[in-house]
Structures are given as structure tokens and as C-alpha cells.
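The file protein-v9.pdb comes next; it holds PDB, C-alpha atoms and all ligand atoms.
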MODEL        1
ATOM      1  CA  MET A 144    -266.083  13.750-193.418  1.00  0.00           C
ATOM      2  CA  ASP A 145    -264.306  10.614-192.127  1.00  0.00           C
ATOM      3  CA  LEU A 146    -260.818  11.565-193.296  1.00  0.00           C
ATOM      4  CA  TYR A 147    -258.244   8.821-193.376  1.00  0.00           C
ATOM      5  CA  ARG A 148    -254.560   8.542-194.270  1.00  0.00           C
ATOM      6  CA  ILE A 149    -252.622   5.520-195.465  1.00  0.00           C
ATOM      7  CA  ILE A 150    -248.907   5.440-196.100  1.00  0.00           C
ATOM      8  CA  TYR A 151    -247.555   2.376-197.860  1.00  0.00           C
ATOM      9  CA  ALA A 152    -244.273   1.218-199.322  1.00  0.00           C
ATOM     10  CA  SER A 153    -243.651  -1.014-202.331  1.00  0.00           C
ATOM     11  CA  ARG A 154    -240.856  -2.139-204.624  1.00  0.00           C
ATOM     12  CA  ALA A 155    -240.834  -0.787-208.160  1.00  0.00           C
ATOM     13  CA  SER A 156    -240.873  -3.396-210.931  1.00  0.00           C
ATOM     14  CA  ASP A 157    -238.690  -2.949-213.969  1.00  0.00           C
ATOM     15  CA  LEU A 158    -240.132   0.451-214.893  1.00  0.00           C
ATOM     16  CA  ALA A 159    -240.328   1.711-218.465  1.00  0.00           C
ATOM     17  CA  ARG A 160    -239.398   5.349-219.137  1.00  0.00           C
ATOM     18  CA  ASP A 161    -242.947   6.648-219.192  1.00  0.00           C
ATOM     19  CA  ASP A 162    -244.344   4.510-216.354  1.00  0.00           C
ATOM     20  CA  ILE A 163    -244.207   7.305-213.783  1.00  0.00           C
ATOM     21  CA  ALA A 164    -245.971   9.659-216.195  1.00  0.00           C
ATOM     22  CA  GLY A 165    -248.600   6.933-216.729  1.00  0.00           C
ATOM     23  CA  ILE A 166    -249.085   6.491-212.976  1.00  0.00           C
ATOM     24  CA  LEU A 167    -249.426  10.239-212.459  1.00  0.00           C
ATOM     25  CA  ALA A 168    -251.918  10.417-215.336  1.00  0.00           C
ATOM     26  CA  ALA A 169    -254.015   7.729-213.604  1.00  0.00           C
ATOM     27  CA  CYS A 170    -253.845   9.802-210.396  1.00  0.00           C
ATOM     28  CA  GLU A 171    -255.097  12.837-212.336  1.00  0.00           C
ATOM     29  CA  ARG A 172    -257.887  10.781-213.894  1.00  0.00           C
ATOM     30  CA  ASN A 173    -259.132   9.077-210.763  1.00  0.00           C
ATOM     31  CA  ASN A 174    -258.137  10.876-207.573  1.00  0.00           C
ATOM     32  CA  PRO A 175    -260.022  14.174-208.039  1.00  0.00           C
ATOM     33  CA  ARG A 176    -263.433  12.509-208.474  1.00  0.00           C
ATOM     34  CA  LEU A 177    -262.740  10.455-205.331  1.00  0.00           C
ATOM     35  CA  HIS A 178    -261.362  13.508-203.484  1.00  0.00           C
ATOM     36  CA  VAL A 179    -258.170  11.573-202.842  1.00  0.00           C
ATOM     37  CA  THR A 180    -254.987  13.595-202.399  1.00  0.00           C
ATOM     38  CA  GLY A 181    -251.439  12.666-201.455  1.00  0.00           C
ATOM     39  CA  MET A 182    -247.831  12.272-202.452  1.00  0.00           C
ATOM     40  CA  LEU A 183    -245.730   9.746-204.300  1.00  0.00           C
ATOM     41  CA  LEU A 184    -242.007   9.342-203.888  1.00  0.00           C
ATOM     42  CA  LEU A 185    -239.767   6.957-205.813  1.00  0.00           C
ATOM     43  CA  ASP A 186    -236.165   6.496-204.811  1.00  0.00           C
ATOM     44  CA  ASN A 187    -233.719   3.606-204.824  1.00  0.00           C
ATOM     45  CA  GLY A 188    -236.344   1.343-206.433  1.00  0.00           C
ATOM     46  CA  HIS A 189    -238.841   1.925-203.631  1.00  0.00           C
ATOM     47  CA  PHE A 190    -242.169   3.709-203.758  1.00  0.00           C
ATOM     48  CA  LEU A 191    -243.535   5.561-200.754  1.00  0.00           C
ATOM     49  CA  GLN A 192    -247.070   6.798-201.243  1.00  0.00           C
ATOM     50  CA  LEU A 193    -249.384   8.719-198.945  1.00  0.00           C
ATOM     51  CA  LEU A 194    -253.103   8.627-199.727  1.00  0.00           C
ATOM     52  CA  GLU A 195    -255.662  10.719-197.879  1.00  0.00           C
ATOM     53  CA  GLY A 196    -259.393  11.147-198.257  1.00  0.00           C
ATOM     54  CA  ARG A 197    -262.590   9.391-197.232  1.00  0.00           C
ATOM     55  CA  ARG A 198    -261.813   5.986-195.785  1.00  0.00           C
ATOM     56  CA  SER A 199    -263.817   4.229-198.506  1.00  0.00           C
ATOM     57  CA  ALA A 200    -262.080   6.219-201.289  1.00  0.00           C
ATOM     58  CA  VAL A 201    -258.590   5.637-199.910  1.00  0.00           C
ATOM     59  CA  SER A 202    -259.323   1.894-199.566  1.00  0.00           C
ATOM     60  CA  ASP A 203    -260.691   1.803-203.114  1.00  0.00           C
ATOM     61  CA  ARG A 204    -257.458   3.318-204.490  1.00  0.00           C
ATOM     62  CA  LEU A 205    -255.186   1.177-202.347  1.00  0.00           C
ATOM     63  CA  PHE A 206    -256.846  -2.026-203.589  1.00  0.00           C
ATOM     64  CA  ALA A 207    -256.544  -0.884-207.238  1.00  0.00           C
ATOM     65  CA  ILE A 208    -252.941   0.231-206.739  1.00  0.00           C
ATOM     66  CA  SER A 209    -251.851  -2.975-204.995  1.00  0.00           C
ATOM     67  CA  ARG A 210    -252.813  -5.028-208.092  1.00  0.00           C
ATOM     68  CA  ASP A 211    -250.659  -2.893-210.394  1.00  0.00           C
ATOM     69  CA  PRO A 212    -247.765  -4.841-211.964  1.00  0.00           C
ATOM     70  CA  ARG A 213    -245.571  -1.732-212.040  1.00  0.00           C
ATOM     71  CA  HIS A 214    -244.720  -2.470-208.422  1.00  0.00           C
ATOM     72  CA  HIS A 215    -244.958  -5.318-205.924  1.00  0.00           C
ATOM     73  CA  GLY A 216    -244.662  -6.117-202.235  1.00  0.00           C
ATOM     74  CA  VAL A 217    -247.127  -3.412-201.159  1.00  0.00           C
ATOM     75  CA  GLU A 218    -247.003  -3.020-197.364  1.00  0.00           C
ATOM     76  CA  VAL A 219    -249.045  -0.539-195.351  1.00  0.00           C
ATOM     77  CA  LEU A 220    -246.712   1.351-193.007  1.00  0.00           C
ATOM     78  CA  THR A 221    -249.229   3.562-191.206  1.00  0.00           C
ATOM     79  CA  CYS A 222    -252.954   4.151-191.437  1.00  0.00           C
ATOM     80  CA  GLY A 223    -255.594   5.877-189.399  1.00  0.00           C
ATOM     81  CA  PRO A 224    -258.046   8.745-189.090  1.00  0.00           C
ATOM     82  CA  ILE A 225    -256.776  12.300-189.520  1.00  0.00           C
ATOM     83  CA  ALA A 226    -258.162  15.745-188.707  1.00  0.00           C
ATOM     84  CA  SER A 227    -256.953  17.411-191.906  1.00  0.00           C
ATOM     85  CA  ARG A 228    -255.099  16.694-195.110  1.00  0.00           C
ATOM     86  CA  LEU A 229    -251.366  17.258-195.641  1.00  0.00           C
ATOM     87  CA  PHE A 230    -251.590  17.511-199.437  1.00  0.00           C
ATOM     88  CA  SER A 231    -254.972  19.141-199.998  1.00  0.00           C
ATOM     89  CA  ASP A 232    -253.818  20.901-203.190  1.00  0.00           C
ATOM     90  CA  TRP A 233    -252.467  17.827-204.970  1.00  0.00           C
ATOM     91  CA  SER A 234    -254.362  14.939-206.574  1.00  0.00           C
ATOM     92  CA  MET A 235    -250.927  13.331-206.263  1.00  0.00           C
ATOM     93  CA  HIS A 236    -247.835  15.314-205.458  1.00  0.00           C
ATOM     94  CA  HIS A 237    -244.879  13.724-207.245  1.00  0.00           C
ATOM     95  CA  VAL A 238    -241.938  14.239-204.915  1.00  0.00           C
ATOM     96  CA  ALA A 239    -238.881  14.832-207.064  1.00  0.00           C
ATOM     97  CA  VAL A 240    -235.862  13.696-205.070  1.00  0.00           C
ATOM     98  CA  HIS A 241    -233.558  16.668-205.547  1.00  0.00           C
ATOM     99  CA  GLY A 242    -232.924  19.999-203.852  1.00  0.00           C
ATOM    100  CA  ALA A 243    -234.778  20.448-200.561  1.00  0.00           C
ATOM    101  CA  ASN A 244    -236.484  17.048-200.816  1.00  0.00           C
ATOM    102  CA  ALA A 245    -233.164  15.254-201.274  1.00  0.00           C
ATOM    103  CA  GLN A 246    -231.757  17.087-198.243  1.00  0.00           C
ATOM    104  CA  THR A 247    -234.793  16.125-196.176  1.00  0.00           C
ATOM    105  CA  LEU A 248    -234.493  12.508-197.226  1.00  0.00           C
ATOM    106  CA  ARG A 249    -230.771  12.422-196.418  1.00  0.00           C
ATOM    107  CA  ARG A 250    -231.538  13.657-192.879  1.00  0.00           C
ATOM    108  CA  TYR A 251    -233.689  10.580-192.315  1.00  0.00           C
ATOM    109  CA  LEU A 252    -231.349   8.094-193.924  1.00  0.00           C
ATOM    110  CA  GLY A 253    -228.095   9.012-192.225  1.00  0.00           C
ATOM    111  CA  GLY A 254    -226.043   7.892-195.231  1.00  0.00           C
ATOM    112  CA  ALA A 255    -228.084   4.766-195.975  1.00  0.00           C
ATOM    113  CA  GLN A 256    -230.036   4.133-199.181  1.00  0.00           C
ATOM    114  CA  PHE A 257    -233.751   4.912-199.125  1.00  0.00           C
ATOM    115  CA  ASP A 258    -235.678   1.864-197.885  1.00  0.00           C
ATOM    116  CA  PRO A 259    -239.084   2.736-196.370  1.00  0.00           C
ATOM    117  CA  PHE A 260    -239.556  -0.900-195.273  1.00  0.00           C
ATOM    118  CA  VAL A 261    -236.958  -0.498-192.553  1.00  0.00           C
ATOM    119  CA  MET A 262    -238.084   2.943-191.384  1.00  0.00           C
ATOM    120  CA  SER A 263    -240.157   3.246-188.214  1.00  0.00           C
ATOM    121  CA  ALA A 264    -243.763   4.411-188.561  1.00  0.00           C
ATOM    122  CA  PRO A 265    -243.115   7.721-186.707  1.00  0.00           C
ATOM    123  CA  SER A 266    -240.098   8.367-188.937  1.00  0.00           C
ATOM    124  CA  VAL A 267    -242.116   7.739-192.109  1.00  0.00           C
ATOM    125  CA  GLU A 268    -244.891  10.025-190.852  1.00  0.00           C
ATOM    126  CA  GLN A 269    -242.427  12.770-189.966  1.00  0.00           C
ATOM    127  CA  LEU A 270    -240.742  12.472-193.372  1.00  0.00           C
ATOM    128  CA  CYS A 271    -244.138  12.984-195.052  1.00  0.00           C
ATOM    129  CA  LEU A 272    -244.868  15.960-192.785  1.00  0.00           C
ATOM    130  CA  ASP A 273    -241.518  17.528-193.718  1.00  0.00           C
ATOM    131  CA  ILE A 274    -242.114  16.961-197.427  1.00  0.00           C
ATOM    132  CA  ALA A 275    -245.600  18.482-197.105  1.00  0.00           C
ATOM    133  CA  ALA A 276    -244.118  21.539-195.361  1.00  0.00           C
ATOM    134  CA  HIS A 277    -241.486  21.980-198.121  1.00  0.00           C
ATOM    135  CA  SER A 278    -244.094  21.542-200.827  1.00  0.00           C
ATOM    136  CA  ALA A 279    -246.399  24.120-199.261  1.00  0.00           C
ATOM    137  CA  ALA A 280    -243.516  26.585-198.889  1.00  0.00           C
ATOM    138  CA  ALA A 281    -242.422  26.034-202.506  1.00  0.00           C
ATOM    139  CA  ALA A 282    -245.994  26.503-203.782  1.00  0.00           C
ATOM    140  CA  PHE A 283    -246.325  29.699-201.729  1.00  0.00           C
ATOM    141  CA  GLU A 284    -243.048  31.072-203.156  1.00  0.00           C
ATOM    142  CA  GLN A 285    -244.242  30.278-206.665  1.00  0.00           C
ATOM    143  CA  THR A 286    -247.509  32.166-206.030  1.00  0.00           C
ATOM    144  CA  LEU A 287    -245.547  35.169-204.768  1.00  0.00           C
ATOM    145  CA  ARG A 288    -243.271  35.119-207.828  1.00  0.00           C
ATOM    146  CA  ARG A 289    -246.311  35.054-210.150  1.00  0.00           C
ATOM    147  CA  ALA A 290    -248.042  37.933-208.313  1.00  0.00           C
TER     148      ALA A 290
HETATM  149  P1  LIG B   1    -256.001   2.471-216.792  1.00  0.00           P
HETATM  150  O1  LIG B   1    -254.939   3.452-216.382  1.00  0.00           O
HETATM  151  O2  LIG B   1    -256.535   2.554-218.168  1.00  0.00           O
HETATM  152  O3  LIG B   1    -255.419   1.033-216.466  1.00  0.00           O
HETATM  153  C1  LIG B   1    -256.183  -0.171-216.726  1.00  0.00           C
HETATM  154  C2  LIG B   1    -255.408  -1.372-216.200  1.00  0.00           C
HETATM  155  O4  LIG B   1    -254.125  -1.494-216.834  1.00  0.00           O
HETATM  156  C3  LIG B   1    -255.114  -1.299-214.700  1.00  0.00           C
HETATM  157  O5  LIG B   1    -255.310  -2.571-214.147  1.00  0.00           O
HETATM  158  C4  LIG B   1    -253.654  -0.901-214.624  1.00  0.00           C
HETATM  159  O6  LIG B   1    -253.066  -1.393-213.423  1.00  0.00           O
HETATM  160  C5  LIG B   1    -253.079  -1.503-215.897  1.00  0.00           C
HETATM  161  N1  LIG B   1    -251.971  -0.678-216.458  1.00  0.00           N
HETATM  162  C6  LIG B   1    -252.072   0.571-216.938  1.00  0.00           C
HETATM  163  N2  LIG B   1    -250.886   0.992-217.397  1.00  0.00           N
HETATM  164  C7  LIG B   1    -250.017  -0.033-217.198  1.00  0.00           C
HETATM  165  C8  LIG B   1    -248.637  -0.226-217.459  1.00  0.00           C
HETATM  166  N3  LIG B   1    -247.884   0.737-218.020  1.00  0.00           N
HETATM  167  N4  LIG B   1    -248.075  -1.392-217.115  1.00  0.00           N
HETATM  168  C9  LIG B   1    -248.800  -2.357-216.558  1.00  0.00           C
HETATM  169  N5  LIG B   1    -250.111  -2.262-216.284  1.00  0.00           N
HETATM  170  C10 LIG B   1    -250.720  -1.117-216.601  1.00  0.00           C
HETATM  171  N6  LIG B   1    -253.995   5.237-209.569  1.00  0.00           N
HETATM  172  C11 LIG B   1    -254.850   6.115-209.032  1.00  0.00           C
HETATM  173  O7  LIG B   1    -255.972   6.251-209.507  1.00  0.00           O
HETATM  174  N7  LIG B   1    -254.489   6.876-207.947  1.00  0.00           N
HETATM  175  C12 LIG B   1    -253.270   6.771-207.345  1.00  0.00           C
HETATM  176  O8  LIG B   1    -252.996   7.491-206.383  1.00  0.00           O
HETATM  177  C13 LIG B   1    -252.348   5.845-207.896  1.00  0.00           C
HETATM  178  N8  LIG B   1    -251.115   5.677-207.372  1.00  0.00           N
HETATM  179  C14 LIG B   1    -250.288   4.721-207.868  1.00  0.00           C
HETATM  180  C15 LIG B   1    -249.048   4.506-207.269  1.00  0.00           C
HETATM  181  C16 LIG B   1    -248.198   3.505-207.755  1.00  0.00           C
HETATM  182  C17 LIG B   1    -246.863   3.281-207.076  1.00  0.00           C
HETATM  183  C18 LIG B   1    -248.586   2.705-208.860  1.00  0.00           C
HETATM  184  C19 LIG B   1    -247.673   1.640-209.382  1.00  0.00           C
HETATM  185  C20 LIG B   1    -249.814   2.928-209.464  1.00  0.00           C
HETATM  186  C21 LIG B   1    -250.669   3.918-208.998  1.00  0.00           C
HETATM  187  N9  LIG B   1    -251.903   4.166-209.578  1.00  0.00           N
HETATM  188  C22 LIG B   1    -252.762   5.072-209.036  1.00  0.00           C
HETATM  189  C23 LIG B   1    -252.331   3.449-210.777  1.00  0.00           C
HETATM  190  C24 LIG B   1    -253.258   2.285-210.396  1.00  0.00           C
HETATM  191  O9  LIG B   1    -252.521   1.200-209.955  1.00  0.00           O
HETATM  192  C25 LIG B   1    -254.108   1.858-211.607  1.00  0.00           C
HETATM  193  O10 LIG B   1    -253.278   1.593-212.705  1.00  0.00           O
HETATM  194  C26 LIG B   1    -255.056   2.963-212.004  1.00  0.00           C
HETATM  195  O11 LIG B   1    -255.787   3.416-210.892  1.00  0.00           O
HETATM  196  C27 LIG B   1    -256.011   2.419-213.064  1.00  0.00           C
HETATM  197  O12 LIG B   1    -256.492   3.575-213.705  1.00  0.00           O
HETATM  198  P2  LIG B   1    -257.700   3.485-214.707  1.00  0.00           P
HETATM  199  O13 LIG B   1    -258.840   2.823-214.020  1.00  0.00           O
HETATM  200  O14 LIG B   1    -257.901   4.852-215.239  1.00  0.00           O
HETATM  201  O15 LIG B   1    -257.249   2.456-215.808  1.00  0.00           O
ENDMDL
END
When written as C-alpha cells, how does the structure in this file appear?
Amino acid sequence: MDLYRIIYASRASDLARDDIAGILAACERNNPRLHVTGMLLLDNGHFLQLLEGRRSAVSDRLFAISRDPRHHGVEVLTCGPIASRLFSDWSMHHVAVHGANAQTLRRYLGGAQFDPFVMSAPSVEQLCLDIAAHSAAAAFEQTLRRA
């Protein structure tokens, strides 16, 4: 399969209370049938989203997403072919910015507010890798607790 990954940033519009739930519901509705996986982070009025899957599927989603009035100024930060997925278990992993994720983010920001538009491409990629590692560890711990 021609796996591809796109990471983009955008600025959130004036979001209503249930907008994030609505976005995640759309992810649930659409991403599984397209075999698109990824993560979505919202902090300081900025979205950072990672989409991975077939190149055609990822492009399809990106074009739909970029027309959405709930955000604007969509800019692709990195894109290219990948050997494997980072978020294979999530149709869209909503990254809650607290606990381990908040600590990770702080490491990258050095006291500044989150602004993915000013981050370098390697830094953005590494941030996503770190979040994926935390998410996998947290999911593993949860499985152990349930067992
Ligand atoms: P519906 O959800 O029924 O939407 C139909 C139309 O109405 C679309 O044009 C949609 O943009 C618009 N719409 C729906 N709700 C609102 C609202 N509250 N305010 C304004 N306009 C609205 N979709 C995915 O499938 N996968 C993703 O990974 C994904 N990530 C997203 C990330 C961000 C940051 C944002 C803002 C949106 C994301 N979406 C994602 C949603 C995407 O932009 C489309 O809304 C969605 O794909 C359309 O889903 P649907 O075809 O089921 O139609």
C-alpha cells in the first residue's frame, strides 16, 4: 500500500462548545472506511493534525478538511511517504493537552505558547512521534489494567 503522511496546521475559528465533538464524529464516520488514521491536537487556538493512509485517501480528507469553516489558514507542514503508521489504532486520536501530553508539548515550546506555524518540520514530526509513543504506552497500560 502506498502509505502517506501529512501534518498540517490551522487556526481555529470561533469554536462552539460541541465543535470538537462534531469534528471527531466526522472522523469516526469517514476515516475508517478510507483507512485513514491520525491525531488531532488543539491548543492555543491552533490545530495540528496528522493524517496517514493511502495517498489518495489522505488527499481526499485534506481537501474536505481545508474547506471547513471551523478553522482557516490550513498550511501543510510536512508530507511524504511512510513505511508504517504512527496511529494505526485510531481513526483520529484526540490529543488532550494535559498530563504527559502537556509535558511533552512544554518541552518543545520552551515557555512559548503553542504555535505550530513557527515550528520546524523536524520538530513537528518529533512532537508527533513523542505523542504517538505516549499514546501507545497509555493504551498498553489500560489493556494491562483491564486484564
Ligand atoms: P457532515 O459532517 O454532515 O458535514 C457536511 C458539511 O457541513 C461539511 O461541508 C462540513 O464542513 C459542514 N459542517 C459540519 N458541521 C459543521 C459545523 N459545526 N460548523 C460549520 N460547518 C459544519 N473529517 C474527516 O472525515 N476526517 C478528519 O480527519 C477530519 N479532521 C478534521 C480536522 C479539523 C481541524 C476540522 C476543522 C475538521 C475535520 N474534519 C474531518 C471534518 C471535515 O472538515 C468535514 O466536516 C467532514 O469530513 C464532513 O463530514 P461528512 O461528509 O460526514 O458531512
Selection in question (the file shown): the PyMOL selection byres (((not hetatm)) within 6 of (chain B and resi 1)). Which residues does it include, as a PDB file with C-alpha atoms, in the frame of the given file?
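Heads up, here's the output in part-v6.pdb:
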ATOM      1  CA  ASP A 162    -244.344   4.510-216.354  1.00  0.00           C
ATOM      2  CA  ILE A 166    -249.085   6.491-212.976  1.00  0.00           C
ATOM      3  CA  ALA A 169    -254.015   7.729-213.604  1.00  0.00           C
ATOM      4  CA  CYS A 170    -253.845   9.802-210.396  1.00  0.00           C
ATOM      5  CA  ASN A 173    -259.132   9.077-210.763  1.00  0.00           C
ATOM      6  CA  ASN A 174    -258.137  10.876-207.573  1.00  0.00           C
ATOM      7  CA  PHE A 190    -242.169   3.709-203.758  1.00  0.00           C
ATOM      8  CA  ARG A 204    -257.458   3.318-204.490  1.00  0.00           C
ATOM      9  CA  ALA A 207    -256.544  -0.884-207.238  1.00  0.00           C
ATOM     10  CA  ILE A 208    -252.941   0.231-206.739  1.00  0.00           C
ATOM     11  CA  ASP A 211    -250.659  -2.893-210.394  1.00  0.00           C
ATOM     12  CA  PRO A 212    -247.765  -4.841-211.964  1.00  0.00           C
ATOM     13  CA  ARG A 213    -245.571  -1.732-212.040  1.00  0.00           C
ATOM     14  CA  HIS A 214    -244.720  -2.470-208.422  1.00  0.00           C
TER      15      HIS A 214
END
Selection result for the PyMOL selection byres (((chain A and resi 232) around 12) and not hetatm) on this file, as a VMD selection string: chain A and resid 174 to 175 178 to 182 195 228 to 231 233 to 236 275 278 to 279 282 to 283
For the residues in the current selection, export C-alpha atoms as a tab-separated table (two decimals), in the frame of the given file.
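Contents of the output file result.tsv:
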chain	number	residue	atom	x	y	z
A	174	ASN	CA	-258.14	10.88	-207.57
A	175	PRO	CA	-260.02	14.17	-208.04
A	178	HIS	CA	-261.36	13.51	-203.48
A	179	VAL	CA	-258.17	11.57	-202.84
A	180	THR	CA	-254.99	13.60	-202.40
A	181	GLY	CA	-251.44	12.67	-201.46
A	182	MET	CA	-247.83	12.27	-202.45
A	195	GLU	CA	-255.66	10.72	-197.88
A	228	ARG	CA	-255.10	16.69	-195.11
A	229	LEU	CA	-251.37	17.26	-195.64
A	230	PHE	CA	-251.59	17.51	-199.44
A	231	SER	CA	-254.97	19.14	-200.00
A	233	TRP	CA	-252.47	17.83	-204.97
A	234	SER	CA	-254.36	14.94	-206.57
A	235	MET	CA	-250.93	13.33	-206.26
A	236	HIS	CA	-247.84	15.31	-205.46
A	275	ALA	CA	-245.60	18.48	-197.10
A	278	SER	CA	-244.09	21.54	-200.83
A	279	ALA	CA	-246.40	24.12	-199.26
A	282	ALA	CA	-245.99	26.50	-203.78
A	283	PHE	CA	-246.32	29.70	-201.73
Target residues per the PyMOL selection byres (((chain A and resi 183) around 6) and not hetatm), formatted as an NGL selection string: :A and (182 or 184 or 191-192 or 237-238)
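Take the candidates A:Ser202, A:Asn244, A:Ser156, A:Asn187 and check each one against Leu272 (chain A) using only C-alpha atoms; the shortest distance goes to A:Asn244.
All protein and nucleic acid residues in the vicinity of (-239.1, 17.9, -194.1), that is within 10 Å when counting all atoms listed in the file, are Ala243, Asn244, Ala245, Gln246, Thr247, Leu248, Arg250, Tyr251, Gln269, Leu270, Cys271, Leu272, Asp273, Ile274, Ala275, Ala276, His277 and Ser278 of chain A.
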Separation of CA of Ala164 (chain A) from CA of Leu146 (chain A) in Å: 27.4 Å
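One distance worth recording is that between CA of Thr221 (chain A) and CA of His241 (chain A), which is 25.0 Å.
For the residues A:His215, A:Cys222, A:Met262, A:Ile163, ranking by smallest atom-to-atom distance to Leu185 (chain A) using all atoms listed in the file places A:Ile163 first.
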Atomic distance CA of Arg176 (chain A) - CA of Ile225 (chain A), expressed in Å with one decimal: 20.1 Å
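Between Ile150 (chain A) and the candidates A:Val219, A:Gly165, A:Pro224, A:Glu171, the tightest atom-to-atom separation, counting all atoms listed in the file, involves A:Val219.
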Please define a box with edges along x, y and z of the file around all atoms of region 148-160 of chain A given in the file, extend it by 8 Å on each side, and return its centre and edge lengths in Å to one decimal, as lines of an AutoDock Vina configuration file.
center_x = -246.6
center_y = 2.6
center_z = -206.7
size_x = 31.9
size_y = 27.9
size_z = 40.9
